[in-house]
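Chemist: Provided herewith: input.cif, mmCIF, C-alpha atoms.
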data_target
#
loop_
_atom_site.label_atom_id
_atom_site.label_comp_id
_atom_site.auth_asym_id
_atom_site.auth_seq_id
_atom_site.Cartn_x
_atom_site.Cartn_y
_atom_site.Cartn_z
CA MET A 23 -78.73 -53.93 -6.60
CA GLY A 24 -76.46 -54.29 -9.60
CA ARG A 25 -77.49 -50.86 -10.88
CA THR A 26 -76.65 -49.32 -7.51
CA VAL A 27 -73.15 -50.78 -7.57
CA ILE A 28 -72.60 -49.43 -11.05
CA ILE A 29 -73.75 -45.98 -9.95
CA VAL A 30 -71.44 -46.06 -6.89
CA VAL A 31 -68.49 -47.16 -9.00
CA ALA A 32 -69.23 -44.44 -11.53
CA ILE A 33 -69.39 -41.82 -8.78
CA ILE A 34 -66.08 -43.00 -7.35
CA ILE A 35 -64.46 -42.85 -10.77
CA LEU A 36 -65.81 -39.35 -11.32
CA ILE A 37 -64.49 -38.28 -7.91
CA ILE A 38 -61.06 -39.71 -8.69
CA ILE A 39 -60.99 -38.04 -12.08
CA GLY A 40 -62.24 -34.77 -10.62
CA SER A 41 -59.65 -34.91 -7.84
CA GLY A 42 -56.92 -35.55 -10.39
CA VAL A 43 -58.09 -32.61 -12.44
CA ILE A 44 -58.24 -30.39 -9.39
CA PHE A 45 -54.80 -31.42 -8.07
CA SER A 46 -53.27 -31.05 -11.50
CA GLY A 47 -54.33 -27.43 -11.40
CA PHE A 48 -51.88 -26.70 -8.56
CA SER A 49 -48.41 -25.44 -9.44
CA ALA A 50 -45.54 -24.54 -7.11
CA VAL A 51 -42.51 -22.26 -7.13
CA GLU A 52 -39.78 -23.28 -4.69
CA TYR A 53 -37.96 -20.88 -2.34
CA TYR A 54 -34.87 -21.07 -4.55
CA GLU A 55 -36.80 -20.16 -7.72
CA TYR A 56 -38.47 -17.24 -9.46
CA GLY A 57 -41.44 -17.99 -11.72
CA PHE A 58 -43.76 -16.55 -14.36
CA LYS A 59 -47.21 -18.01 -15.03
CA ARG A 60 -47.34 -19.87 -18.35
CA GLN A 61 -50.26 -21.39 -20.25
CA LYS A 62 -49.51 -25.01 -21.11
CA SER A 63 -51.62 -25.22 -24.23
CA THR A 64 -50.22 -22.11 -25.95
CA GLY A 65 -46.91 -21.57 -24.14
CA LYS A 66 -47.81 -17.93 -23.52
CA VAL A 67 -45.99 -16.42 -20.54
CA ASP A 68 -47.64 -13.93 -18.23
CA LYS A 69 -44.88 -11.53 -17.02
CA THR A 70 -47.16 -9.34 -14.96
CA ASP A 71 -46.07 -10.85 -11.64
CA ILE A 72 -42.94 -12.66 -10.48
CA TYR A 73 -43.60 -15.47 -8.00
CA ASN A 74 -41.28 -16.92 -5.37
CA SER A 75 -41.88 -19.72 -2.87
CA ILE A 76 -45.59 -20.21 -3.53
CA LEU A 77 -48.20 -22.92 -4.13
CA TYR A 78 -50.70 -21.56 -6.64
CA TYR A 79 -53.89 -22.92 -8.21
CA GLY A 80 -54.28 -21.78 -11.78
CA GLY A 81 -56.13 -24.66 -13.32
CA PRO A 82 -54.96 -27.65 -15.36
CA ASP A 83 -53.71 -25.45 -18.20
CA MET A 84 -51.44 -23.28 -16.02
CA GLU A 85 -47.82 -23.90 -14.95
CA PHE A 86 -44.80 -21.87 -13.87
CA LYS A 87 -41.78 -21.03 -15.97
CA THR A 88 -39.00 -20.94 -13.37
CA PHE A 89 -35.58 -19.35 -13.04
CA GLN A 90 -32.89 -20.09 -10.45
CA ALA A 91 -33.10 -17.56 -7.60
CA ASP A 92 -30.10 -18.67 -5.54
CA ALA A 93 -26.43 -18.40 -6.48
CA HIS A 94 -25.23 -19.43 -9.91
CA HIS A 95 -21.72 -20.88 -9.60
CA VAL A 96 -19.36 -20.37 -12.53
CA THR A 97 -15.85 -21.79 -12.83
CA LEU A 98 -13.54 -20.36 -15.46
CA LYS A 99 -10.95 -23.12 -15.53
CA ASN A 100 -7.54 -22.62 -17.14
CA ALA A 101 -8.66 -19.56 -19.06
CA LYS A 102 -5.97 -18.60 -21.57
CA ILE A 103 -4.91 -14.95 -21.31
CA PHE A 104 -2.08 -12.80 -22.65
CA THR A 105 -0.23 -10.35 -20.44
CA ALA A 106 1.33 -6.99 -21.26
CA ASP A 107 4.70 -8.67 -21.92
CA LYS A 108 3.07 -10.87 -24.58
CA LEU A 109 3.26 -14.10 -22.58
CA GLU A 110 0.51 -16.70 -22.39
CA VAL A 111 -0.76 -17.53 -18.89
CA ARG A 112 -3.67 -19.66 -17.72
CA ILE A 113 -5.97 -18.53 -14.91
CA THR A 114 -8.66 -20.32 -12.96
CA ALA A 115 -11.33 -18.11 -11.41
CA TYR A 116 -14.63 -18.61 -9.60
CA LEU A 117 -17.64 -16.32 -9.43
CA GLN A 118 -21.12 -16.42 -8.00
CA TYR A 119 -23.91 -14.31 -9.50
CA PHE A 120 -27.61 -13.83 -8.73
CA LEU A 121 -30.49 -12.93 -11.04
CA ARG A 122 -32.09 -9.57 -10.35
CA LYS A 123 -35.76 -10.07 -9.56
CA ASP A 124 -36.66 -6.53 -10.61
CA GLU A 125 -34.99 -7.10 -14.02
CA LEU A 126 -36.11 -10.69 -14.58
CA VAL A 127 -38.51 -9.62 -17.35
CA LEU A 128 -35.60 -8.00 -19.24
CA LEU A 129 -33.50 -11.15 -18.76
CA HIS A 130 -36.36 -13.33 -19.98
CA ASP A 131 -37.00 -11.21 -23.06
CA LYS A 132 -33.33 -11.19 -24.06
CA PHE A 133 -32.12 -14.68 -23.18
CA ASP A 134 -35.15 -16.72 -22.10
CA LEU A 135 -33.74 -19.71 -20.15
CA ASP A 136 -30.50 -19.85 -22.13
CA TYR A 137 -28.70 -17.16 -20.13
CA GLN A 138 -26.12 -19.25 -18.26
CA SER A 139 -23.82 -19.91 -21.23
CA VAL A 140 -24.00 -16.21 -22.11
CA MET A 141 -22.97 -15.25 -18.57
CA GLU A 142 -20.02 -17.64 -18.62
CA THR A 143 -18.82 -16.45 -22.03
CA SER A 144 -19.16 -12.79 -21.08
CA ALA A 145 -17.30 -13.33 -17.80
CA LEU A 146 -14.48 -15.06 -19.69
CA ASP A 147 -14.22 -12.17 -22.17
CA ALA A 148 -14.10 -9.66 -19.30
CA LEU A 149 -11.37 -11.67 -17.56
CA LYS A 150 -9.21 -11.78 -20.68
CA GLY A 151 -9.65 -8.10 -21.39
CA SER A 152 -8.79 -6.96 -17.87
CA THR A 153 -5.33 -8.58 -17.71
CA THR A 154 -3.74 -7.20 -20.89
CA LEU A 155 -2.32 -4.15 -19.12
CA TYR A 156 -0.43 -6.16 -16.51
CA THR A 157 2.84 -8.06 -16.82
CA THR A 158 3.31 -11.70 -15.89
CA ARG A 159 5.31 -10.65 -12.86
CA GLU A 160 2.48 -8.43 -11.60
CA LEU A 161 0.00 -11.22 -12.20
CA VAL A 162 2.02 -13.59 -10.02
CA THR A 163 3.27 -11.26 -7.30
CA ASN A 164 0.27 -8.98 -6.79
CA ARG A 165 -2.71 -11.32 -6.59
CA LYS A 166 -4.83 -8.89 -4.57
CA LEU A 167 -4.63 -6.20 -7.25
CA MET A 168 -5.31 -8.70 -10.01
CA GLU A 169 -8.32 -10.17 -8.19
CA GLN A 170 -9.80 -6.70 -7.65
CA THR A 171 -9.18 -5.71 -11.28
CA ILE A 172 -10.70 -8.88 -12.77
CA TYR A 173 -13.65 -8.80 -10.37
CA LYS A 174 -14.44 -5.20 -11.34
CA ALA A 175 -14.31 -6.05 -15.04
CA VAL A 176 -16.54 -9.14 -14.67
CA ARG A 177 -18.94 -7.32 -12.36
CA GLU A 178 -19.42 -4.45 -14.80
CA ARG A 179 -19.70 -6.73 -17.84
CA LEU A 180 -22.46 -8.84 -16.29
CA GLY A 181 -24.08 -6.25 -14.04
CA GLY A 182 -23.57 -3.00 -15.92
CA THR A 183 -22.52 0.37 -14.51
CA CYS A 184 -25.75 1.43 -12.83
CA CYS A 185 -26.38 1.82 -9.12
CA ARG A 186 -28.79 -0.71 -7.67
CA PRO A 187 -32.04 0.58 -6.15
CA ASP A 188 -30.87 -0.73 -2.75
CA CYS A 189 -27.22 0.18 -2.22
CA THR A 190 -27.03 -2.13 0.82
CA SER A 191 -28.00 -5.28 -1.06
CA TYR A 192 -24.34 -6.32 -1.43
CA ALA A 193 -20.85 -4.84 -1.17
CA PHE A 194 -20.66 -3.39 -4.70
CA ALA A 195 -24.32 -2.57 -5.23
CA CYS A 196 -23.45 1.11 -5.72
CA PRO A 197 -19.77 1.37 -6.74
CA GLU A 198 -18.00 4.69 -7.13
CA ASN A 199 -19.25 6.83 -10.06
CA CYS A 200 -22.15 4.48 -10.80
CA LYS A 201 -25.08 5.96 -12.70
CA PRO A 202 -28.36 6.52 -10.79
CA TYR A 203 -30.73 3.63 -11.41
CA THR A 204 -33.61 5.85 -12.53
CA GLU A 205 -31.45 7.31 -15.32
CA CYS A 206 -30.15 3.98 -16.67
CA THR A 207 -31.08 2.39 -19.96
CA ALA A 208 -31.49 -1.35 -20.41
CA LYS A 209 -28.12 -1.52 -22.16
CA GLU A 210 -26.37 0.13 -19.19
CA LYS A 211 -27.80 -2.52 -16.85
CA GLY A 212 -25.51 -5.16 -18.34
CA LEU A 213 -26.85 -8.70 -18.41
CA PHE A 214 -29.25 -8.13 -15.49
CA VAL A 215 -27.36 -10.07 -12.81
CA ASP A 216 -25.35 -9.18 -9.68
CA VAL A 217 -21.88 -10.73 -9.41
CA LYS A 218 -21.66 -10.67 -5.62
CA TYR A 219 -18.57 -12.84 -5.11
CA PHE A 220 -15.37 -13.53 -7.01
CA GLN A 221 -12.26 -15.59 -6.23
CA LEU A 222 -9.01 -15.70 -8.18
CA GLY A 223 -7.75 -19.28 -8.27
CA GLN A 224 -4.62 -20.87 -9.63
CA VAL A 225 -2.32 -18.98 -11.98
CA THR A 226 -0.45 -21.40 -14.25
CA ILE A 227 2.57 -20.40 -16.29
CA PRO A 228 3.55 -23.00 -18.97
CA ASP A 229 7.11 -24.31 -18.79
CA SER A 230 8.22 -22.60 -21.99
CA VAL A 231 6.69 -19.33 -20.86
CA GLN A 232 8.09 -19.75 -17.38
CA GLU A 233 11.59 -20.18 -18.82
CA ARG A 234 11.21 -16.95 -20.79
CA PHE A 235 9.72 -15.30 -17.74
CA MET A 236 12.63 -16.37 -15.55
CA LYS A 237 15.10 -15.19 -18.19
CA ALA A 238 13.37 -11.83 -18.30
CA LEU A 239 13.41 -11.66 -14.51
CA THR A 240 17.13 -12.54 -14.47
CA LEU A 241 17.95 -9.85 -17.01
CA GLN A 242 15.89 -7.36 -15.06
CA GLU A 243 17.64 -8.28 -11.82
CA GLN A 244 21.03 -7.97 -13.48
CA SER A 245 20.07 -4.58 -14.86
CA GLU A 246 18.92 -3.45 -11.43
CA ARG A 247 22.15 -4.81 -9.93
CA GLU A 248 24.27 -2.80 -12.38
CA GLU A 249 22.24 0.29 -11.61
CA LEU A 250 22.80 -0.23 -7.90
CA LEU A 251 26.55 -0.78 -8.43
CA GLN A 252 26.83 2.41 -10.45
CA GLU A 253 24.81 4.27 -7.88
CA ALA A 254 27.06 2.88 -5.13
CA LYS A 255 30.16 4.11 -6.97
CA VAL A 256 28.70 7.58 -7.30
CA ILE A 257 27.76 7.59 -3.62
CA ARG A 258 31.26 6.44 -2.62
CA LYS A 259 32.86 9.19 -4.68
CA SER A 260 30.50 11.76 -3.25
CA THR A 261 31.16 10.45 0.27
CA THR A 262 34.94 10.56 -0.26
CA ALA A 263 34.69 14.14 -1.52
CA MET A 264 32.54 15.07 1.46
CA VAL A 265 35.05 13.46 3.86
CA LYS A 266 37.95 15.39 2.29
CA GLN A 267 35.95 18.59 2.39
CA ILE A 268 35.11 18.05 6.07
CA LYS A 269 38.76 17.22 6.89
CA ASN A 270 39.95 20.34 5.07
CA LYS A 271 37.39 22.40 6.93
CA ALA A 272 38.48 20.85 10.22
CA ALA A 273 42.16 21.57 9.46
CA GLU A 274 41.28 25.14 8.55
CA ILE A 275 39.33 25.57 11.78
CA LEU A 276 42.22 24.00 13.75
CA ASN A 277 44.80 26.31 12.13
CA ASN A 278 42.63 29.35 12.72
CA GLY A 279 42.13 28.28 16.32
CA THR A 280 45.87 27.76 16.82
CA MET A 281 46.65 31.19 15.37
CA VAL A 282 44.04 32.87 17.55
CA ALA A 283 45.31 30.96 20.59
CA ASN A 284 48.93 31.99 19.85
CA LEU A 285 47.87 35.59 19.41
CA ILE A 286 45.95 35.56 22.67
CA SER A 287 48.92 33.91 24.43
CA THR A 288 51.41 36.42 23.00
CA VAL A 289 49.21 39.36 23.94
CA ALA A 290 48.71 37.89 27.41
CA ARG A 291 52.47 37.41 27.93
CA SER A 292 53.13 40.93 26.72
CA ASN A 293 50.50 42.33 29.03
CA TYR A 294 51.91 40.20 31.85
CA SER A 295 55.46 41.46 31.30
CA THR A 296 54.25 45.04 31.08
CA ALA A 297 52.19 44.74 34.25
CA LEU A 298 55.09 43.02 36.05
CA GLU A 299 57.59 45.66 35.07
CA MET A 300 55.21 48.43 36.03
CA ALA A 301 54.70 46.79 39.42
CA ARG A 302 58.44 46.33 39.81
CA VAL A 303 59.15 49.97 39.00
CA GLN A 304 56.55 51.13 41.48
CA GLY A 305 57.88 48.70 44.10
CA LEU A 306 61.47 49.88 43.64
CA ARG A 307 60.40 53.49 43.83
CA TYR A 308 58.59 52.79 47.05
CA THR A 309 61.57 50.81 48.44
CA PHE A 310 64.09 53.54 47.50
CA ASN A 311 61.93 56.15 49.18
CA GLU A 312 61.55 54.07 52.34
CA LEU A 313 65.30 53.26 52.55
CA GLY A 314 66.35 56.77 51.63
CA LEU A 315 68.37 55.63 48.66
CA SER A 316 68.63 58.72 46.53
CA GLN A 317 72.02 58.23 44.92
CA GLN A 318 72.14 56.43 41.61
CA GLU A 319 75.14 54.42 42.76
CA GLN A 320 73.14 53.17 45.73
CA LYS A 321 70.21 52.27 43.52
CA ASN A 322 72.51 50.40 41.15
CA SER A 323 74.06 48.45 44.03
CA PHE A 324 70.59 47.55 45.29
CA ASN A 325 69.48 46.34 41.86
CA TYR A 326 72.71 44.36 41.50
CA LEU A 327 72.21 42.61 44.84
CA ARG A 328 68.56 41.92 44.02
CA THR A 329 69.54 40.41 40.67
CA LEU A 330 72.15 38.18 42.30
CA ARG A 331 69.61 37.07 44.91
CA GLU A 332 67.23 35.91 42.18
CA HIS A 333 69.96 33.86 40.49
CA PRO A 334 69.51 30.17 41.43
CA LYS A 335 73.22 29.48 41.85
CA ALA A 336 74.12 32.62 43.84
CA ARG A 337 75.12 32.06 47.54
CA PHE A 338 75.32 34.88 50.07
CA THR A 339 77.69 34.86 53.07
CA VAL A 340 78.02 37.30 55.98
CA ASP A 341 81.39 38.22 57.64
CA PHE A 342 82.49 40.69 60.26
CA GLN A 343 82.97 43.47 57.67
CA GLN A 344 79.26 43.55 56.58
CA ARG A 345 76.02 44.70 58.14
CA ILE A 346 72.70 43.25 57.39
CA ALA A 347 69.87 45.74 56.97
CA GLY A 348 67.15 43.12 56.78
CA ASN A 349 65.34 40.98 54.15
CA LEU A 350 65.56 42.75 50.88
#
So that I can check it, write out the structure of this file as structure tokens.

Modeler:
Amino acid sequence: MGRTVIIVVAIIILIIIGSGVIFSGFSAVEYYEYGFKRQKSTGKVDKTDIYNSILYYGGPDMEFKTFQADAHHVTLKNAKIFTADKLEVRITAYLQYFLRKDELVLLHDKFDLDYQSVMETSALDALKGSTTLYTTRELVTNRKLMEQTIYKAVRERLGGTCCRPDCTSYAFACPENCKPYTECTAKEKGLFVDVKYFQLGQVTIPDSVQERFMKALTLQEQSEREELLQEAKVIRKSTTAMVKQIKNKAAEILNNGTMVANLISTVARSNYSTALEMARVQGLRYTFNELGLSQQEQKNSFNYLRTLREHPKARFTVDFQQRIAGNL
């Protein structure tokens, strides 16, 4: 009976040990990880396959060497930069990058698991280098341009200048003038990550720099003001000259119009007088013929009476010694 108990206990112990050995042979890669198989005893890494979100049995001597598959968040806080006008400014920026699964072997061979500090340092260098062509004023007033410029520099420093195999994987997977992926060398692939998102944060100008910046802005505004004043003077002079020229032209047109009008009026009056006299001569000829006035003395008397009749102050009277022939 005692021997049987010992045997049962031994079997149970063997089962427990065997179960422990079996369960210890299971290794897992989470959904937010990439993994290579690695031999525990030698540390040798098998880079033939890349695993993601898997429970794998490889025996007690097998484990996974894992890399982060989701977003890596990097904060570049108060990064010191120098602008084109030689002023020191501090910038805070945020970026999120992802490891490229198809280039994970290259990343592993170059950096192993110590890639994150390299990414942060490289991003900081790219940020500093991309702002040297812009003035402090541009950095403050045109944030959109600055964010695009810095993002492009960081993206190309960490991700290279090659097109990705899938151009729809993110917004800048295949930027303009990128090199076809099949023609790229390992060096042109950057640091084997995709910087998918970037945000420009706070821009801090130190007090001493801000004072110099404001002084420069004031001088620039004063210079622009003087330029505008000088331009205004030139415009006023030009406008005054134009007004005088237009007035002179108007006076010339008015004088020419008056002269033409006087000429037309004079010619019209002359033509009127000529036509009137011609009509009068014809009328008198007709009247003399109808009245039978052939003597010059009679014609003169008729003209005299007609002239008196047209005078406004002349008054005619009729007495017993005169005869009236009718309305003359």

Chemist: Per residue of stretch 73-160 of chain A within 10 Å of stretch 165-186 of chain A, record the nearest atom pair and its distance in Å to one decimal, counting only C-alpha atoms, with rows in chain order and ascending residue number, as a Markdown table.

Modeler:
| residue | atom | partner | partner_atom | distance |
| --- | --- | --- | --- | --- |
| A:Ala115 | CA | A:Glu169 | CA | 9.1 |
| A:Tyr116 | CA | A:Tyr173 | CA | 9.9 |
| A:Leu117 | CA | A:Tyr173 | CA | 8.6 |
| A:Tyr119 | CA | A:Leu180 | CA | 8.8 |
| A:Phe120 | CA | A:Gly181 | CA | 9.9 |
| A:Leu121 | CA | A:Gly181 | CA | 9.7 |
| A:Arg122 | CA | A:Gly181 | CA | 9.4 |
| A:Val140 | CA | A:Leu180 | CA | 9.5 |
| A:Met141 | CA | A:Leu180 | CA | 6.8 |
| A:Glu142 | CA | A:Leu180 | CA | 9.4 |
| A:Ser144 | CA | A:Arg179 | CA | 6.9 |
| A:Ala145 | CA | A:Val176 | CA | 5.3 |
| A:Leu146 | CA | A:Val176 | CA | 8.0 |
| A:Asp147 | CA | A:Val176 | CA | 8.4 |
| A:Ala148 | CA | A:Val176 | CA | 5.3 |
| A:Leu149 | CA | A:Ile172 | CA | 5.6 |
| A:Lys150 | CA | A:Ile172 | CA | 8.6 |
| A:Gly151 | CA | A:Ala175 | CA | 8.1 |
| A:Ser152 | CA | A:Ile172 | CA | 5.8 |
| A:Thr153 | CA | A:Ile172 | CA | 7.3 |
| A:Tyr156 | CA | A:Met168 | CA | 8.5 |
| A:Glu160 | CA | A:Arg165 | CA | 7.8 |

Chemist: So, with only C-alpha atoms as the atoms that count, which of A:Phe220, A:Ile227, A:Ser75, A:Phe58 lies closest to A:Lys102?

Modeler: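 Once distances to A:Lys102 are computed over only C-alpha atoms, the minimum belongs to A:Ile227.
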
Chemist: How many Å lie between atom CA of A:Lys87 and atom CA of A:Ala50, rounded to one decimal?

Modeler: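 Here the two named atoms are 10.2 Å from each other.
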
Chemist: Mind giving me the straight-line distance from atom CA of A:Ile286 to atom CA of A:Val303 in Å, one decimal?

Modeler: 25.5 Å

Chemist: Please return as a ChimeraX atom specification every residue within 10 Å of (-34.0, -15.2, -17.9), taking into account only C-alpha atoms and the file's own coordinates.

Modeler: /A:56,87-90,121-123,125-138,213-215

Chemist: Would you be able to write out as a PyMOL selection string which residues have an atom within 8 Å of (-6.2, -17.8, -7.4) in the file's coordinates, counting only C-alpha atoms?

Modeler: chain A and resi 113-115+165+169+221-225

Chemist: Residues of the last selection are to be written out with C-alpha atoms, as a short mmCIF file (atom, residue, chain, number, x, y, z; two decimals), in the frame of the given file.

Modeler:
data_model
loop_
_atom_site.label_atom_id
_atom_site.label_comp_id
_atom_site.auth_asym_id
_atom_site.auth_seq_id
_atom_site.Cartn_x
_atom_site.Cartn_y
_atom_site.Cartn_z
CA ILE A 113 -5.97 -18.53 -14.91
CA THR A 114 -8.66 -20.32 -12.96
CA ALA A 115 -11.33 -18.11 -11.41
CA ARG A 165 -2.71 -11.32 -6.59
CA GLU A 169 -8.32 -10.17 -8.19
CA GLN A 221 -12.26 -15.59 -6.23
CA LEU A 222 -9.01 -15.70 -8.18
CA GLY A 223 -7.75 -19.28 -8.27
CA GLN A 224 -4.62 -20.87 -9.63
CA VAL A 225 -2.32 -18.98 -11.98
#

Chemist: Could you tell me how far atom CA of A:Thr70 sits from atom CA of A:Val51, in Å to one decimal place?

Modeler: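 Going from atom CA of A:Val51 over to atom CA of A:Thr70, I get 15.8 Å.
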
Chemist: I'd like the residues picked by the PyMOL selection byres ((chain A and resi 157) around 10) written out as a CSV table (one decimal) with C-alpha atoms, in the frame of the given file, using the chain letters and numbers from the file.

Modeler:
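Dumped to selection-v3.csv:
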chain,number,residue,atom,x,y,z
A,104,PHE,CA,-2.1,-12.8,-22.6
A,105,THR,CA,-0.2,-10.4,-20.4
A,106,ALA,CA,1.3,-7.0,-21.3
A,107,ASP,CA,4.7,-8.7,-21.9
A,108,LYS,CA,3.1,-10.9,-24.6
A,109,LEU,CA,3.3,-14.1,-22.6
A,153,THR,CA,-5.3,-8.6,-17.7
A,154,THR,CA,-3.7,-7.2,-20.9
A,155,LEU,CA,-2.3,-4.2,-19.1
A,156,TYR,CA,-0.4,-6.2,-16.5
A,158,THR,CA,3.3,-11.7,-15.9
A,159,ARG,CA,5.3,-10.6,-12.9
A,160,GLU,CA,2.5,-8.4,-11.6
A,161,LEU,CA,0.0,-11.2,-12.2
A,162,VAL,CA,2.0,-13.6,-10.0

Chemist: Counting only C-alpha atoms, which of A:Val67, A:Cys206, A:Val217, A:Val282 gets nearest to A:Ala193?

Modeler: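 The shortest atom-to-atom distance to A:Ala193 comes from A:Val217.
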
Chemist: Could you give me the centre and size, in Å to one decimal, of an axis-aligned box around all listed atoms of stretch 87-102 of chain A with 8 Å added on every side, as AutoDock Vina command-line options?

Modeler:
--center_x -23.9 --center_y -20.3 --center_z -13.6 --size_x 51.8 --size_y 21.6 --size_z 32.0

Chemist: Would you please work out which residue, of A:Gln252, A:Ser63, A:Asn284, A:Pro197, is nearest to A:Pro82 when using only C-alpha atoms?

Modeler: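 When distances to A:Pro82 are compared using only C-alpha atoms, the smallest one comes from A:Ser63.
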
Chemist: Could all heavy atoms be built for stretch 71-78 of chain A and written out as a CSV table (one decimal), in the coordinates of the input?

Modeler:
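Below is the file part29.csv, written as the result:
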chain,number,residue,atom,x,y,z
A,71,ASP,N,-46.5,-10.6,-13.0
A,71,ASP,CA,-46.1,-10.8,-11.6
A,71,ASP,C,-44.9,-11.9,-11.6
A,71,ASP,O,-44.9,-12.8,-12.5
A,71,ASP,CB,-47.2,-11.3,-10.7
A,71,ASP,CG,-48.3,-10.3,-10.6
A,71,ASP,OD1,-48.0,-9.1,-10.3
A,71,ASP,OD2,-49.5,-10.7,-10.8
A,72,ILE,N,-44.0,-11.7,-10.7
A,72,ILE,CA,-42.9,-12.7,-10.5
A,72,ILE,C,-43.2,-13.4,-9.1
A,72,ILE,O,-43.3,-12.7,-8.1
A,72,ILE,CB,-41.6,-12.0,-10.5
A,72,ILE,CG1,-41.3,-11.2,-11.8
A,72,ILE,CG2,-40.4,-13.0,-10.2
A,72,ILE,CD1,-40.1,-10.3,-11.8
A,73,TYR,N,-43.2,-14.7,-9.2
A,73,TYR,CA,-43.6,-15.5,-8.0
A,73,TYR,C,-42.3,-16.1,-7.4
A,73,TYR,O,-41.4,-16.5,-8.1
A,73,TYR,CB,-44.6,-16.5,-8.4
A,73,TYR,CG,-45.9,-16.0,-8.9
A,73,TYR,CD1,-46.1,-15.7,-10.2
A,73,TYR,CD2,-47.0,-15.7,-8.0
A,73,TYR,CE1,-47.3,-15.2,-10.7
A,73,TYR,CE2,-48.2,-15.1,-8.4
A,73,TYR,CZ,-48.3,-14.9,-9.8
A,73,TYR,OH,-49.5,-14.3,-10.3
A,74,ASN,N,-42.4,-16.3,-6.1
A,74,ASN,CA,-41.3,-16.9,-5.4
A,74,ASN,C,-41.8,-17.6,-4.1
A,74,ASN,O,-42.6,-17.1,-3.4
A,74,ASN,CB,-40.3,-15.8,-5.0
A,74,ASN,CG,-39.1,-16.4,-4.1
A,74,ASN,OD1,-39.0,-16.1,-2.9
A,74,ASN,ND2,-38.3,-17.3,-4.7
A,75,SER,N,-41.5,-18.9,-4.0
A,75,SER,CA,-41.9,-19.7,-2.9
A,75,SER,C,-43.4,-19.7,-2.7
A,75,SER,O,-43.9,-19.1,-1.7
A,75,SER,CB,-41.1,-19.2,-1.6
A,75,SER,OG,-41.4,-20.1,-0.5
A,76,ILE,N,-44.1,-20.3,-3.6
A,76,ILE,CA,-45.6,-20.2,-3.5
A,76,ILE,C,-46.2,-21.5,-4.1
A,76,ILE,O,-45.6,-22.1,-5.0
A,76,ILE,CB,-46.1,-19.0,-4.3
A,76,ILE,CG1,-47.6,-18.8,-4.1
A,76,ILE,CG2,-45.8,-19.1,-5.8
A,76,ILE,CD1,-48.1,-17.5,-4.7
A,77,LEU,N,-47.4,-21.9,-3.6
A,77,LEU,CA,-48.2,-22.9,-4.1
A,77,LEU,C,-49.4,-22.2,-4.7
A,77,LEU,O,-50.2,-21.6,-3.9
A,77,LEU,CB,-48.6,-23.9,-3.1
A,77,LEU,CG,-49.5,-25.1,-3.5
A,77,LEU,CD1,-48.8,-25.9,-4.6
A,77,LEU,CD2,-49.9,-26.0,-2.4
A,78,TYR,N,-49.7,-22.4,-6.0
A,78,TYR,CA,-50.7,-21.6,-6.6
A,78,TYR,C,-51.6,-22.5,-7.5
A,78,TYR,O,-51.2,-23.4,-8.1
A,78,TYR,CB,-50.0,-20.5,-7.6
A,78,TYR,CG,-50.9,-19.6,-8.2
A,78,TYR,CD1,-51.4,-18.4,-7.6
A,78,TYR,CD2,-51.4,-19.8,-9.6
A,78,TYR,CE1,-52.2,-17.5,-8.3
A,78,TYR,CE2,-52.2,-18.9,-10.2
A,78,TYR,CZ,-52.6,-17.8,-9.5
A,78,TYR,OH,-53.5,-16.9,-10.2
